[in-house]
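Colleague: Here you go, this is protein-v3.cif (mmCIF, C-alpha atoms and all ligand atoms).
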data_entry
#
loop_
_atom_site.label_atom_id
_atom_site.label_comp_id
_atom_site.auth_asym_id
_atom_site.auth_seq_id
_atom_site.Cartn_x
_atom_site.Cartn_y
_atom_site.Cartn_z
CA MET S 1 110.81 107.39 65.71
CA ARG S 2 112.04 104.11 67.24
CA LYS S 3 115.65 105.03 66.59
CA TYR S 4 115.06 108.49 68.05
CA LYS S 5 113.67 107.08 71.30
CA GLU S 6 116.55 104.63 71.71
CA GLU S 7 119.13 107.35 71.04
CA TYR S 8 117.42 109.81 73.34
CA CYS S 9 117.20 107.32 76.23
CA ARG S 10 120.75 106.08 75.88
CA SER S 11 122.24 109.57 75.65
CA PHE S 12 120.20 110.71 78.66
CA GLN S 13 121.58 107.70 80.55
CA ALA S 14 125.16 108.43 79.48
CA THR S 15 124.82 111.94 80.94
CA MET S 16 123.11 110.61 84.05
CA LYS S 17 125.92 108.10 84.58
CA ILE S 18 128.36 111.01 84.90
CA GLY S 19 125.92 113.12 86.92
CA ASN S 20 125.57 110.25 89.37
CA TYR S 21 129.13 110.83 90.59
CA PHE S 22 128.04 114.22 91.95
CA LEU S 23 124.76 113.24 93.53
CA GLY S 24 125.99 112.41 97.02
CA TYR S 25 124.65 108.87 97.43
CA ARG S 26 125.27 107.60 100.91
CA THR S 27 124.56 104.49 102.90
CA PRO S 28 122.69 104.98 106.18
CA ARG S 29 124.33 103.82 109.37
CA THR S 30 122.78 100.61 110.64
CA ILE S 31 121.84 99.29 114.06
CA VAL S 32 121.62 95.52 113.64
CA GLY S 33 120.53 92.46 115.57
CA PRO S 34 117.71 90.93 117.60
CA GLY S 35 116.31 93.50 120.02
CA SER S 36 118.44 96.29 118.54
CA VAL S 37 115.44 98.59 118.10
CA LEU S 38 115.69 99.42 121.79
CA ARG S 39 119.02 101.14 121.11
CA LEU S 40 117.34 103.72 118.88
CA PRO S 41 116.63 106.36 121.59
CA GLU S 42 120.38 106.56 122.35
CA ASP S 43 121.01 107.42 118.72
CA ILE S 44 118.20 109.97 118.59
CA LYS S 45 119.58 111.81 121.62
CA LYS S 46 122.86 112.40 119.80
CA TYR S 47 120.94 114.59 117.33
CA ASN S 48 119.35 116.71 120.01
CA VAL S 49 115.89 115.77 118.75
CA HIS S 50 113.14 116.24 121.35
CA HIS S 51 109.87 115.35 119.65
CA VAL S 52 109.56 112.80 116.86
CA LEU S 53 106.68 112.06 114.54
CA PHE S 54 106.29 108.29 114.81
CA VAL S 55 104.95 107.08 111.47
CA SER S 56 103.48 103.59 111.24
CA ASP S 57 100.24 101.90 110.16
CA GLU S 58 97.11 100.77 112.02
CA LYS S 59 97.82 97.07 111.77
CA ILE S 60 101.32 97.43 113.18
CA MET S 61 99.99 99.56 116.04
CA GLU S 62 97.28 96.96 116.76
CA LEU S 63 99.89 94.21 116.85
CA GLY S 64 101.73 96.24 119.50
CA LEU S 65 104.98 95.89 117.57
CA PRO S 66 106.28 99.37 118.49
CA ASN S 67 105.42 99.10 122.22
CA GLY S 68 108.97 98.35 123.38
CA LEU S 69 110.42 101.23 121.38
CA LEU S 70 107.72 103.69 122.51
CA LYS S 71 108.44 102.82 126.13
CA ALA S 72 112.18 103.25 125.54
CA LEU S 73 111.53 106.68 123.98
CA GLU S 74 109.52 107.71 127.04
CA GLU S 75 112.28 106.53 129.36
CA ALA S 76 114.79 108.55 127.35
CA GLY S 77 112.60 111.66 127.62
CA ILE S 78 111.91 111.83 123.87
CA LYS S 79 108.36 112.94 123.07
CA TYR S 80 106.47 111.36 120.22
CA THR S 81 103.29 111.87 118.22
CA ILE S 82 101.92 108.82 116.48
CA PHE S 83 100.62 109.00 112.91
CA SER S 84 99.30 105.67 111.67
CA ASN S 85 96.43 106.50 109.34
CA ILE S 86 98.30 105.08 106.35
CA GLN S 87 97.13 102.58 103.80
CA PRO S 88 99.30 100.17 101.80
CA ASN S 89 100.47 102.07 98.69
CA PRO S 90 100.31 105.38 100.62
CA THR S 91 98.69 108.42 99.05
CA ASP S 92 99.44 112.14 98.85
CA ASP S 93 96.49 112.65 101.23
CA ASN S 94 98.26 110.45 103.81
CA VAL S 95 101.40 112.58 103.41
CA GLU S 96 99.45 115.84 103.81
CA GLU S 97 97.72 114.57 106.96
CA GLY S 98 101.02 113.39 108.47
CA TYR S 99 102.67 116.69 107.64
CA ARG S 100 99.89 118.61 109.42
CA LEU S 101 100.51 116.56 112.57
CA PHE S 102 104.26 117.04 112.27
CA HIS S 103 103.81 120.79 111.98
CA GLU S 104 101.11 121.20 114.66
CA ASN S 105 103.17 119.28 117.21
CA MET S 106 106.38 121.09 116.34
CA CYS S 107 108.21 117.81 115.74
CA ASP S 108 111.91 117.96 115.01
CA GLY S 109 112.59 114.42 113.81
CA ILE S 110 110.85 111.39 112.27
CA ILE S 111 110.85 107.67 113.00
CA ALA S 112 109.38 105.54 110.22
CA PHE S 113 108.31 102.19 111.66
CA GLY S 114 106.79 99.61 109.33
CA GLY S 115 106.94 98.31 105.81
CA GLY S 116 107.55 100.37 102.70
CA SER S 117 104.16 102.06 103.00
CA PRO S 118 104.78 103.89 106.31
CA MET S 119 108.46 104.41 105.46
CA ASP S 120 107.62 106.05 102.12
CA CYS S 121 104.83 108.12 103.63
CA ALA S 122 107.26 109.30 106.34
CA LYS S 123 109.81 110.26 103.69
CA GLY S 124 107.06 112.15 101.88
CA ILE S 125 106.27 114.02 105.12
CA ALA S 126 109.96 114.91 105.54
CA ALA S 127 110.14 116.16 101.94
CA LYS S 128 106.95 118.16 102.38
CA ASN S 129 108.35 119.71 105.58
CA ALA S 130 111.35 120.87 103.57
CA HIS S 131 108.96 122.45 101.00
CA PRO S 132 105.71 123.27 102.83
CA ASN S 133 104.28 125.22 99.90
CA LYS S 134 104.66 122.45 97.37
CA LYS S 135 102.17 119.71 96.63
CA VAL S 136 103.43 116.13 96.81
CA SER S 137 103.12 115.83 93.04
CA GLN S 138 105.56 118.74 92.68
CA LEU S 139 108.15 116.82 94.71
CA GLN S 140 107.84 113.66 92.60
CA GLY S 141 110.49 113.12 89.97
CA ILE S 142 114.25 113.44 90.25
CA LEU S 143 116.01 115.82 92.65
CA LYS S 144 113.01 117.98 93.54
CA VAL S 145 113.69 118.01 97.30
CA HIS S 146 117.31 119.07 97.18
CA LYS S 147 117.30 120.41 100.73
CA LYS S 148 118.31 118.90 104.06
CA ILE S 149 115.43 117.11 105.80
CA VAL S 150 114.91 116.65 109.54
CA PRO S 151 116.78 113.73 111.20
CA PHE S 152 115.07 110.58 109.95
CA TRP S 153 115.34 107.04 111.32
CA ALA S 154 113.87 104.02 109.51
CA VAL S 155 112.81 100.82 111.22
CA PRO S 156 111.65 98.28 108.61
CA THR S 157 109.21 95.60 109.77
CA THR S 158 109.13 93.86 106.37
CA ALA S 159 112.24 92.65 104.55
CA GLY S 160 111.67 93.86 101.04
CA THR S 161 111.41 97.44 99.90
CA GLY S 162 114.78 98.60 101.21
CA SER S 163 113.15 102.00 101.71
CA GLU S 164 115.32 102.26 104.86
CA THR S 165 118.30 102.88 102.59
CA THR S 166 116.87 104.17 99.31
CA LEU S 167 116.48 107.65 97.90
CA ALA S 168 112.89 106.89 96.89
CA ALA S 169 109.43 107.42 98.34
CA VAL S 170 106.64 105.97 96.23
CA ILE S 171 103.37 107.86 96.67
CA THR S 172 100.04 107.37 94.89
CA GLU S 173 97.98 110.38 93.92
CA ALA S 174 94.61 109.68 95.57
CA LYS S 175 92.58 111.35 92.82
CA THR S 176 94.13 109.75 89.74
CA HIS S 177 95.63 106.53 91.21
CA HIS S 178 98.90 107.48 89.59
CA LYS S 179 101.81 106.04 91.57
CA ALA S 180 105.09 107.93 91.28
CA SER S 181 108.34 108.36 93.16
CA ILE S 182 110.07 111.20 94.92
CA ASN S 183 113.73 110.41 94.07
CA ASP S 184 116.32 112.41 95.92
CA PRO S 185 119.40 111.51 98.00
CA ALA S 186 118.14 114.13 100.50
CA ILE S 187 115.50 111.65 101.73
CA ILE S 188 117.90 108.77 102.42
CA PRO S 189 117.50 108.03 106.16
CA ILE S 190 120.42 108.78 108.47
CA CYS S 191 120.11 105.42 110.18
CA ALA S 192 118.30 102.13 109.62
CA VAL S 193 117.48 99.60 112.33
CA LEU S 194 117.60 95.99 111.12
CA ASP S 195 116.02 94.10 114.02
CA PRO S 196 114.85 90.66 112.85
CA GLU S 197 112.52 90.24 115.84
CA LEU S 198 110.26 92.84 114.23
CA THR S 199 109.67 90.65 111.18
CA VAL S 200 108.99 87.36 113.01
CA GLY S 201 105.22 87.92 112.97
CA LEU S 202 105.02 88.68 109.24
CA PRO S 203 102.41 86.43 107.61
CA PRO S 204 103.98 83.98 105.09
CA PHE S 205 102.34 85.75 102.14
CA VAL S 206 103.92 89.09 103.12
CA THR S 207 107.27 87.40 103.77
CA ALA S 208 107.11 85.86 100.31
CA THR S 209 106.08 88.92 98.35
CA THR S 210 108.26 91.46 100.14
CA GLY S 211 111.23 89.12 99.80
CA MET S 212 110.60 88.90 96.07
CA ASP S 213 110.47 92.70 95.94
CA ALA S 214 114.01 92.74 97.34
CA LEU S 215 115.05 90.20 94.72
CA CYS S 216 113.59 92.42 92.02
CA HIS S 217 115.61 95.39 93.25
CA ALA S 218 118.84 93.40 93.19
CA VAL S 219 118.16 91.84 89.78
CA GLU S 220 116.87 94.96 88.05
CA SER S 221 119.78 97.06 89.30
CA TYR S 222 122.27 94.38 88.24
CA THR S 223 120.81 93.83 84.78
CA ASN S 224 120.63 97.61 84.27
CA TRP S 225 124.35 97.80 85.04
CA THR S 226 125.07 101.24 83.48
CA TYR S 227 124.87 103.42 86.60
CA CYS S 228 126.28 100.80 88.99
CA THR S 229 129.73 101.11 90.49
CA ASP S 230 131.46 98.03 91.92
CA LEU S 231 129.67 98.71 95.21
CA GLU S 232 126.18 98.37 93.73
CA LYS S 233 127.15 95.29 91.70
CA GLU S 234 128.57 93.67 94.84
CA TYR S 235 125.47 94.57 96.87
CA SER S 236 123.18 93.09 94.22
CA LYS S 237 125.14 89.85 94.25
CA LYS S 238 125.13 89.68 98.05
CA ALA S 239 121.40 90.31 98.15
CA VAL S 240 120.60 87.67 95.51
CA LYS S 241 122.68 85.04 97.33
CA LEU S 242 121.08 85.86 100.70
CA ILE S 243 117.59 85.66 99.19
CA TYR S 244 118.37 82.42 97.38
CA GLU S 245 119.55 80.90 100.65
CA ASN S 246 117.04 82.35 103.10
CA LEU S 247 113.73 83.45 101.61
CA TYR S 248 112.09 80.04 101.50
CA THR S 249 113.26 79.25 105.05
CA ALA S 250 111.85 82.55 106.33
CA TYR S 251 108.61 81.80 104.47
CA GLN S 252 108.29 78.31 105.94
CA ASP S 253 109.49 79.08 109.44
CA GLY S 254 108.77 82.69 110.30
CA SER S 255 110.41 82.38 113.71
CA ASN S 256 113.82 81.50 112.27
CA LEU S 257 115.70 84.60 113.43
CA GLU S 258 118.80 83.81 111.41
CA ALA S 259 116.82 83.68 108.13
CA ARG S 260 114.87 86.80 109.14
CA GLN S 261 118.09 88.69 109.83
CA ARG S 262 119.62 87.61 106.50
CA MET S 263 116.49 88.71 104.63
CA GLN S 264 116.67 92.15 106.26
CA GLU S 265 120.29 92.44 105.20
CA ALA S 266 119.33 91.34 101.68
CA ALA S 267 116.59 93.98 101.46
CA PHE S 268 119.04 96.62 102.68
CA TYR S 269 121.76 95.67 100.17
CA ALA S 270 119.26 95.42 97.31
CA GLY S 271 117.79 98.80 98.23
CA ARG S 272 121.21 100.39 98.32
CA SER S 273 122.03 98.84 94.96
CA PHE S 274 118.99 100.14 93.11
CA THR S 275 119.25 103.57 94.73
CA ARG S 276 121.98 104.23 92.20
CA GLY S 277 121.48 101.38 89.72
CA CYS S 278 117.71 102.03 89.34
CA VAL S 279 114.93 99.54 88.90
CA GLY S 280 113.42 98.69 85.52
CA TYR S 281 110.29 97.62 83.68
CA VAL S 282 109.19 95.21 86.43
CA HIS S 283 108.75 98.17 88.74
CA ALA S 284 107.44 100.54 86.10
CA ILE S 285 104.63 98.12 85.20
CA GLY S 286 104.15 96.97 88.81
CA HIS S 287 103.54 100.51 90.03
CA THR S 288 100.59 100.85 87.66
CA LEU S 289 99.02 97.72 89.18
CA GLY S 290 99.53 99.05 92.69
CA GLY S 291 98.01 102.41 91.82
CA LEU S 292 95.03 101.15 89.79
CA TYR S 293 94.06 97.96 91.64
CA ASN S 294 95.83 98.29 94.98
CA ILE S 295 97.77 95.10 94.28
CA PRO S 296 100.49 94.81 96.97
CA HIS S 297 103.79 96.01 95.56
CA GLY S 298 105.72 92.84 96.37
CA LEU S 299 103.05 90.63 94.79
CA ALA S 300 103.21 92.67 91.59
CA MET S 301 107.00 92.30 91.60
CA SER S 302 107.01 88.52 92.21
CA VAL S 303 104.62 87.89 89.35
CA ILE S 304 106.06 90.32 86.80
CA LEU S 305 109.77 89.58 87.31
CA PRO S 306 110.03 86.26 85.41
CA HIS S 307 107.86 87.57 82.55
CA VAL S 308 110.11 90.60 82.02
CA LEU S 309 113.34 88.58 82.29
CA ARG S 310 112.08 86.06 79.73
CA LYS S 311 111.13 88.87 77.37
CA TYR S 312 114.62 90.41 77.65
CA GLY S 313 116.02 87.06 76.46
CA PRO S 314 119.69 86.98 75.36
CA LYS S 315 120.15 90.64 76.35
CA VAL S 316 120.38 89.59 80.01
CA TYR S 317 122.01 86.14 79.73
CA LYS S 318 125.44 87.34 80.77
CA ARG S 319 124.24 89.22 83.85
CA LEU S 320 121.76 86.59 84.96
CA ALA S 321 124.42 83.90 84.51
CA GLU S 322 126.63 85.88 86.89
CA LEU S 323 123.82 85.98 89.43
CA ALA S 324 123.22 82.25 88.90
CA ASP S 325 126.91 81.64 89.65
CA VAL S 326 126.63 83.47 92.94
CA CYS S 327 123.78 81.17 93.95
CA GLY S 328 125.50 78.02 92.70
CA ILE S 329 122.88 77.46 89.98
CA GLU S 330 124.63 75.37 87.35
CA GLY S 331 124.50 75.32 83.56
CA LYS S 332 126.85 74.68 80.65
CA THR S 333 126.37 78.04 78.97
CA LYS S 334 125.41 81.54 80.03
CA ALA S 335 122.03 81.05 78.37
CA GLU S 336 121.41 77.84 80.30
CA LYS S 337 122.41 79.36 83.64
CA SER S 338 120.29 82.39 82.96
CA ILE S 339 117.22 80.31 82.10
CA ARG S 340 117.75 78.15 85.19
CA PHE S 341 117.89 81.33 87.26
CA ILE S 342 114.52 82.44 85.85
CA GLU S 343 113.13 78.94 86.44
CA TRP S 344 114.23 79.17 90.07
CA ILE S 345 112.20 82.38 90.40
CA GLU S 346 109.16 80.69 88.87
CA GLU S 347 109.58 77.65 91.13
CA ILE S 348 109.94 79.59 94.36
CA ASN S 349 106.90 81.70 93.41
CA GLU S 350 104.92 78.53 92.91
CA LYS S 351 106.15 76.94 96.15
CA MET S 352 105.08 80.08 98.00
CA GLY S 353 101.63 79.92 96.42
CA LEU S 354 101.97 83.07 94.31
CA PRO S 355 100.01 83.48 91.06
CA LYS S 356 101.44 83.70 87.52
CA GLY S 357 99.39 86.66 86.33
CA PHE S 358 96.68 89.15 87.27
CA LYS S 359 93.03 88.82 86.36
CA GLU S 360 92.47 92.31 87.82
CA ILE S 361 93.90 93.94 84.68
CA LYS S 362 91.11 95.62 82.72
CA VAL S 363 91.59 95.87 78.97
CA GLU S 364 90.40 99.48 78.97
CA ASP S 365 93.14 100.43 81.47
CA ILE S 366 96.01 99.09 79.34
CA PRO S 367 96.67 102.30 77.34
CA GLN S 368 96.95 104.29 80.59
CA MET S 369 99.22 101.63 82.12
CA ILE S 370 101.50 101.79 79.08
CA LYS S 371 101.73 105.57 79.31
CA TRP S 372 102.59 105.56 83.02
CA ALA S 373 105.08 102.70 82.79
CA ASP S 374 106.83 104.23 79.78
CA ALA S 375 107.01 107.64 81.49
CA GLU S 376 108.43 106.13 84.68
CA ALA S 377 111.11 104.04 83.02
CA ASN S 378 112.19 105.96 79.95
CA PRO S 379 114.62 107.64 79.74
CA LEU S 380 115.74 107.35 83.42
CA TYR S 381 116.10 103.59 83.95
CA PRO S 382 119.09 102.14 82.06
CA VAL S 383 117.13 98.98 81.17
CA PRO S 384 118.75 96.21 79.11
CA GLU S 385 116.54 97.05 76.13
CA ILE S 386 114.29 99.98 75.35
CA TRP S 387 110.63 99.06 75.07
CA TYR S 388 108.01 100.64 72.84
CA GLU S 389 104.26 100.77 73.22
CA GLU S 390 103.80 97.33 71.65
CA ASP S 391 106.35 95.75 74.02
CA PHE S 392 104.52 97.07 77.09
CA ARG S 393 101.21 95.93 75.60
CA GLU S 394 102.54 92.44 74.89
CA LEU S 395 103.85 92.08 78.43
CA ILE S 396 100.69 93.42 80.11
CA GLU S 397 98.43 91.22 77.97
CA GLU S 398 100.62 88.23 78.82
CA LEU S 399 100.18 89.02 82.54
CA LYS S 400 96.41 89.08 82.09
CA LYS S 401 96.38 85.83 80.12
CA ALA S 402 98.65 84.01 82.59
CA ALA S 403 96.20 84.60 85.48
N1 LIG P 1 110.98 103.59 98.75
C1 LIG P 1 111.40 102.59 98.06
O1 LIG P 1 112.55 102.55 97.69
C2 LIG P 1 110.44 101.49 97.73
C3 LIG P 1 110.90 100.33 97.10
C4 LIG P 1 109.98 99.34 96.83
C5 LIG P 1 108.65 99.49 97.21
N2 LIG P 1 108.24 100.64 97.80
C6 LIG P 1 106.83 100.85 98.21
O2 LIG P 1 106.62 100.25 99.48
C7 LIG P 1 105.23 99.89 99.61
C8 LIG P 1 105.12 98.44 100.01
O3 LIG P 1 105.80 98.18 101.20
P1 LIG P 1 105.82 96.71 101.84
O4 LIG P 1 105.92 95.73 100.76
O5 LIG P 1 106.84 96.72 102.89
O6 LIG P 1 104.36 96.56 102.43
P2 LIG P 1 103.46 97.47 103.39
O7 LIG P 1 104.26 98.45 104.15
O8 LIG P 1 102.33 97.98 102.57
O9 LIG P 1 102.92 96.36 104.41
C9 LIG P 1 102.15 95.26 103.93
C10 LIG P 1 101.27 94.72 105.05
O10 LIG P 1 102.07 94.06 106.02
C11 LIG P 1 101.77 94.56 107.33
N3 LIG P 1 102.99 94.42 108.12
C12 LIG P 1 104.12 95.13 108.01
N4 LIG P 1 105.05 94.69 108.89
C13 LIG P 1 104.44 93.69 109.58
C14 LIG P 1 104.89 92.82 110.63
N5 LIG P 1 106.13 92.86 111.10
N6 LIG P 1 104.03 91.89 111.10
C15 LIG P 1 102.78 91.78 110.59
N7 LIG P 1 102.30 92.57 109.59
C16 LIG P 1 103.14 93.51 109.11
C17 LIG P 1 101.31 95.97 107.10
O11 LIG P 1 100.51 96.43 108.17
C18 LIG P 1 100.52 95.83 105.80
O12 LIG P 1 99.22 95.38 106.06
C19 LIG P 1 104.60 100.15 98.25
O13 LIG P 1 103.89 101.38 98.29
C20 LIG P 1 105.80 100.24 97.33
O14 LIG P 1 105.55 100.99 96.18
C21 LIG P 1 109.12 101.60 98.09
FE FE P 2 110.18 97.45 94.83
#
Taking this structure as input, can you express it in the form of structure tokens?
Modeller:
Amino acid sequence: MRKYKEEYCRSFQATMKIGNYFLGYRTPRTIVGPGSVLRLPEDIKKYNVHHVLFVSDEKIMELGLPNGLLKALEEAGIKYTIFSNIQPNPTDDNVEEGYRLFHENMCDGIIAFGGGSPMDCAKGIAAKNAHPNKKVSQLQGILKVHKKIVPFWAVPTTAGTGSETTLAAVITEAKTHHKASINDPAIIPICAVLDPELTVGLPPFVTATTGMDALCHAVESYTNWTYCTDLEKEYSKKAVKLIYENLYTAYQDGSNLEARQRMQEAAFYAGRSFTRGCVGYVHAIGHTLGGLYNIPHGLAMSVILPHVLRKYGPKVYKRLAELADVCGIEGKTKAEKSIRFIEWIEEINEKMGLPKGFKEIKVEDIPQMIKWADAEANPLYPVPEIWYEEDFRELIEELKKAA
């Protein structure tokens, strides 16, 4: 049985590696720099879009973060309808509600403005608009959208998920708490705005956890390796270096625009890397924590990443040593560099006040978590080693104990 699973996953991945060359991955155009969000209406006009659905969340609206952009849209004669009834870890109900507004107001484009939650919900709305008769759950999985969506602009206000460049939209089913992804190049935005001024007000905790999410994307994609071309490998390395050099500064001094800009670039590169390279068991397990206990995605990532890397052991020494080299982390052997790299992750987590485990995990939920995580990762993610039920259990129990 074990041998069968390993063979099945690896042969699926070998086929997928070839298939990937025909999938039409693309990198969104970017509008970059302090204040650059005000240039968005110019771009929208080029697409002859007259009425956008503006997707954000309540907190961002209360902070008044989009005010400048909304005024610029009005001045440019672009109508907008705001949809902001979205919770962190957005649900299929959020998507359905947003789609109704999109449809009723005859919108012809979408601006996603916020962190991964509004961006993913907006992508879900765009996918639903392409398939109005399908439920969100029918669009989750690989290549279920497969149709052109309306023009879609993404304006990230966190520097983490990379949703502004990825093919993914992670949506939780409200009824079951099952979190799953729509994965399709069709939902990659046409353009991403990386304006660091929008992230200046991020609370340190959100800066820390979203930044670690970006690190996870870069590291998981790089240690997966199989699907990556040179572009994804290069993007992972760039992202890891930028995070190594800037995350702690952005955490300590939120108003440091240079660090904020670099973190947005890092999130973008890391997102683009995992769009093809895929994430791994950190995400597969983390999604179950988000769905079941509403643990913020980035927090789940920060905490789980070192545990998973340590469990991989020698299987990832070579790759992690390469990432250590990029950061200038020294060591005599690949093993030493790799372990120092993991220690750096543990240290920065500690310096940013993040926990080592999760007391929220309920023993009775573990079998369900194992099922979901296994189904998400295997056979799609080309992880460094294939895990079985007992591996997932060991890791999840370790997370509970470490709390
Ligand atoms: N699509 C993808 O490729 C992808 C990748 C990773 C994660 N995700 C998903 O993204 C979601 C998480 O996104 P996130 O980590 O960006 O968090 P989020 O969007 O849930 O935002 C977290 C909190 O920060 C607030 N916030 C956002 N920007 C702010 C700002 N500039 N100033 C002050 N507060 C601000 C939000 O209102 C919210 O309360 C999860 O559902 C996760 O599964 C998606
Ligand atoms: Fe993530």
Colleague: Please identify all protein, DNA and RNA residues within 6 Å of ligand LIG 1 (chain P), counting all atoms listed in the file, and report them as a list in words.
Modeller: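 Listed by chain and ascending number, the contacts are Asp57, Lys59, Ile60, Pro88, Asn89, Pro90, Gly114, Gly115, Gly116, Ser117, Pro118, Asp120, Thr157, Thr158, Gly160, Thr161, Gly162, Ser163, Thr166, Ala168, Ala169, Val170, Leu198, Thr199, Gly201, Leu202, Thr210, His297 and Gly298 of chain S.
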Colleague: Kindly provide, as a PyMOL selection string, all nucleotide and amino acid residues lying within 10 Å of ligand FE 2 (chain P), counting all atoms listed in the file.
Modeller: chain S and resi 116+160-163+170+210-218+220+267+270-271+274+279-280+282-284+286-287+297-302
Colleague: Can I get the selection written as a PDB file, keeping the file's coordinate frame, with C-alpha atoms?
Modeller:
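Output contents, as saved in part.pdb:
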ATOM      1  CA  GLY S 116     107.550 100.370 102.700  1.00  0.00           C
ATOM      2  CA  GLY S 160     111.670  93.860 101.040  1.00  0.00           C
ATOM      3  CA  THR S 161     111.410  97.440  99.900  1.00  0.00           C
ATOM      4  CA  GLY S 162     114.780  98.600 101.210  1.00  0.00           C
ATOM      5  CA  SER S 163     113.150 102.000 101.710  1.00  0.00           C
ATOM      6  CA  VAL S 170     106.640 105.970  96.230  1.00  0.00           C
ATOM      7  CA  THR S 210     108.260  91.460 100.140  1.00  0.00           C
ATOM      8  CA  GLY S 211     111.230  89.120  99.800  1.00  0.00           C
ATOM      9  CA  MET S 212     110.600  88.900  96.070  1.00  0.00           C
ATOM     10  CA  ASP S 213     110.470  92.700  95.940  1.00  0.00           C
ATOM     11  CA  ALA S 214     114.010  92.740  97.340  1.00  0.00           C
ATOM     12  CA  LEU S 215     115.050  90.200  94.720  1.00  0.00           C
ATOM     13  CA  CYS S 216     113.590  92.420  92.020  1.00  0.00           C
ATOM     14  CA  HIS S 217     115.610  95.390  93.250  1.00  0.00           C
ATOM     15  CA  ALA S 218     118.840  93.400  93.190  1.00  0.00           C
ATOM     16  CA  GLU S 220     116.870  94.960  88.050  1.00  0.00           C
ATOM     17  CA  ALA S 267     116.590  93.980 101.460  1.00  0.00           C
ATOM     18  CA  ALA S 270     119.260  95.420  97.310  1.00  0.00           C
ATOM     19  CA  GLY S 271     117.790  98.800  98.230  1.00  0.00           C
ATOM     20  CA  PHE S 274     118.990 100.140  93.110  1.00  0.00           C
ATOM     21  CA  VAL S 279     114.930  99.540  88.900  1.00  0.00           C
ATOM     22  CA  GLY S 280     113.420  98.690  85.520  1.00  0.00           C
ATOM     23  CA  VAL S 282     109.190  95.210  86.430  1.00  0.00           C
ATOM     24  CA  HIS S 283     108.750  98.170  88.740  1.00  0.00           C
ATOM     25  CA  ALA S 284     107.440 100.540  86.100  1.00  0.00           C
ATOM     26  CA  GLY S 286     104.150  96.970  88.810  1.00  0.00           C
ATOM     27  CA  HIS S 287     103.540 100.510  90.030  1.00  0.00           C
ATOM     28  CA  HIS S 297     103.790  96.010  95.560  1.00  0.00           C
ATOM     29  CA  GLY S 298     105.720  92.840  96.370  1.00  0.00           C
ATOM     30  CA  LEU S 299     103.050  90.630  94.790  1.00  0.00           C
ATOM     31  CA  ALA S 300     103.210  92.670  91.590  1.00  0.00           C
ATOM     32  CA  MET S 301     107.000  92.300  91.600  1.00  0.00           C
ATOM     33  CA  SER S 302     107.010  88.520  92.210  1.00  0.00           C
TER      34      SER S 302
END
Colleague: Could you check which of S:Thr288, S:Gln13, S:Gln264, S:Asn246 is closest to Ala373 in chain S, using only C-alpha atoms?
Modeller: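 Counting only C-alpha atoms, the residue closest to Ala373 in chain S is S:Thr288.
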Colleague: Hey, which of S:Glu6, S:Asp365, S:Asp325, S:Glu330 ends up closest to Tyr293 in chain S? Count all atoms listed in the file.
Modeller: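 Smallest separation from Tyr293 in chain S among the options: S:Asp365.
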Colleague: Do you have the CA of Asp108 in chain S-CA of Tyr80 in chain S distance handy?
Modeller: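 That distance, rounded to one decimal, is 10.0 Å.
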Colleague: Check the smallest atom-to-atom distance from each of S:Asn183, S:Thr81, S:Thr207, S:Gln87 to His146 in chain S using only C-alpha atoms, then report the winner.
Modeller: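 Using only C-alpha atoms, His146 in chain S sits closest to S:Asn183.
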Colleague: For a quick check of your reading of the model, name the residues lying within 10 Å of the coordinate (123.6, 93.1, 115.0), counting all atoms listed in the file, and write them as a PDB file with C-alpha atoms, in the coordinates of the input.
Modeller:
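Contents of the output file selection_30.pdb:
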ATOM      1  CA  THR S  30     122.780 100.610 110.640  1.00  0.00           C
ATOM      2  CA  ILE S  31     121.840  99.290 114.060  1.00  0.00           C
ATOM      3  CA  VAL S  32     121.620  95.520 113.640  1.00  0.00           C
ATOM      4  CA  GLY S  33     120.530  92.460 115.570  1.00  0.00           C
ATOM      5  CA  PRO S  34     117.710  90.930 117.600  1.00  0.00           C
ATOM      6  CA  GLY S  35     116.310  93.500 120.020  1.00  0.00           C
ATOM      7  CA  SER S  36     118.440  96.290 118.540  1.00  0.00           C
ATOM      8  CA  VAL S 193     117.480  99.600 112.330  1.00  0.00           C
ATOM      9  CA  LEU S 194     117.600  95.990 111.120  1.00  0.00           C
ATOM     10  CA  ASP S 195     116.020  94.100 114.020  1.00  0.00           C
ATOM     11  CA  PRO S 196     114.850  90.660 112.850  1.00  0.00           C
ATOM     12  CA  GLN S 261     118.090  88.690 109.830  1.00  0.00           C
TER      13      GLN S 261
END
Colleague: Go through S:Thr165, S:Asn256, S:Ser84, S:Ser11 one by one, measure the shortest atom-to-atom distance of each to Cys191 in chain S using all atoms listed in the file, and give the residue with the smallest value.
Modeller: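 Between S:Thr165, S:Asn256, S:Ser84, S:Ser11, the residue approaching Cys191 in chain S most closely is S:Thr165.
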Colleague: Rounded to one decimal in Å, what is the spacing between CA of Thr223 in chain S and CA of Val240 in chain S?
Modeller: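 So the answer is 12.4 Å.
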Colleague: If you measure from CA of Ile182 in chain S to CA of Val49 in chain S, what distance in Å do you get, rounded to one decimal?
Modeller: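 Separation of CA of Ile182 in chain S and CA of Val49 in chain S: 25.0 Å.
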Colleague: Near range 15-17 of chain S, within 8 Å and counting all atoms listed in the file, which residues show up once chain neighbours fewer than 4 positions away are dropped, as an MDAnalysis selection string?
Modeller: chainID S and resid 11 21 226:227
Colleague: Go ahead and save the residues from that selection, with C-alpha atoms, as a CSV table (one decimal), keeping the file's coordinate frame.
Modeller:
chain,number,residue,atom,x,y,z
S,11,SER,CA,122.2,109.6,75.6
S,21,TYR,CA,129.1,110.8,90.6
S,226,THR,CA,125.1,101.2,83.5
S,227,TYR,CA,124.9,103.4,86.6
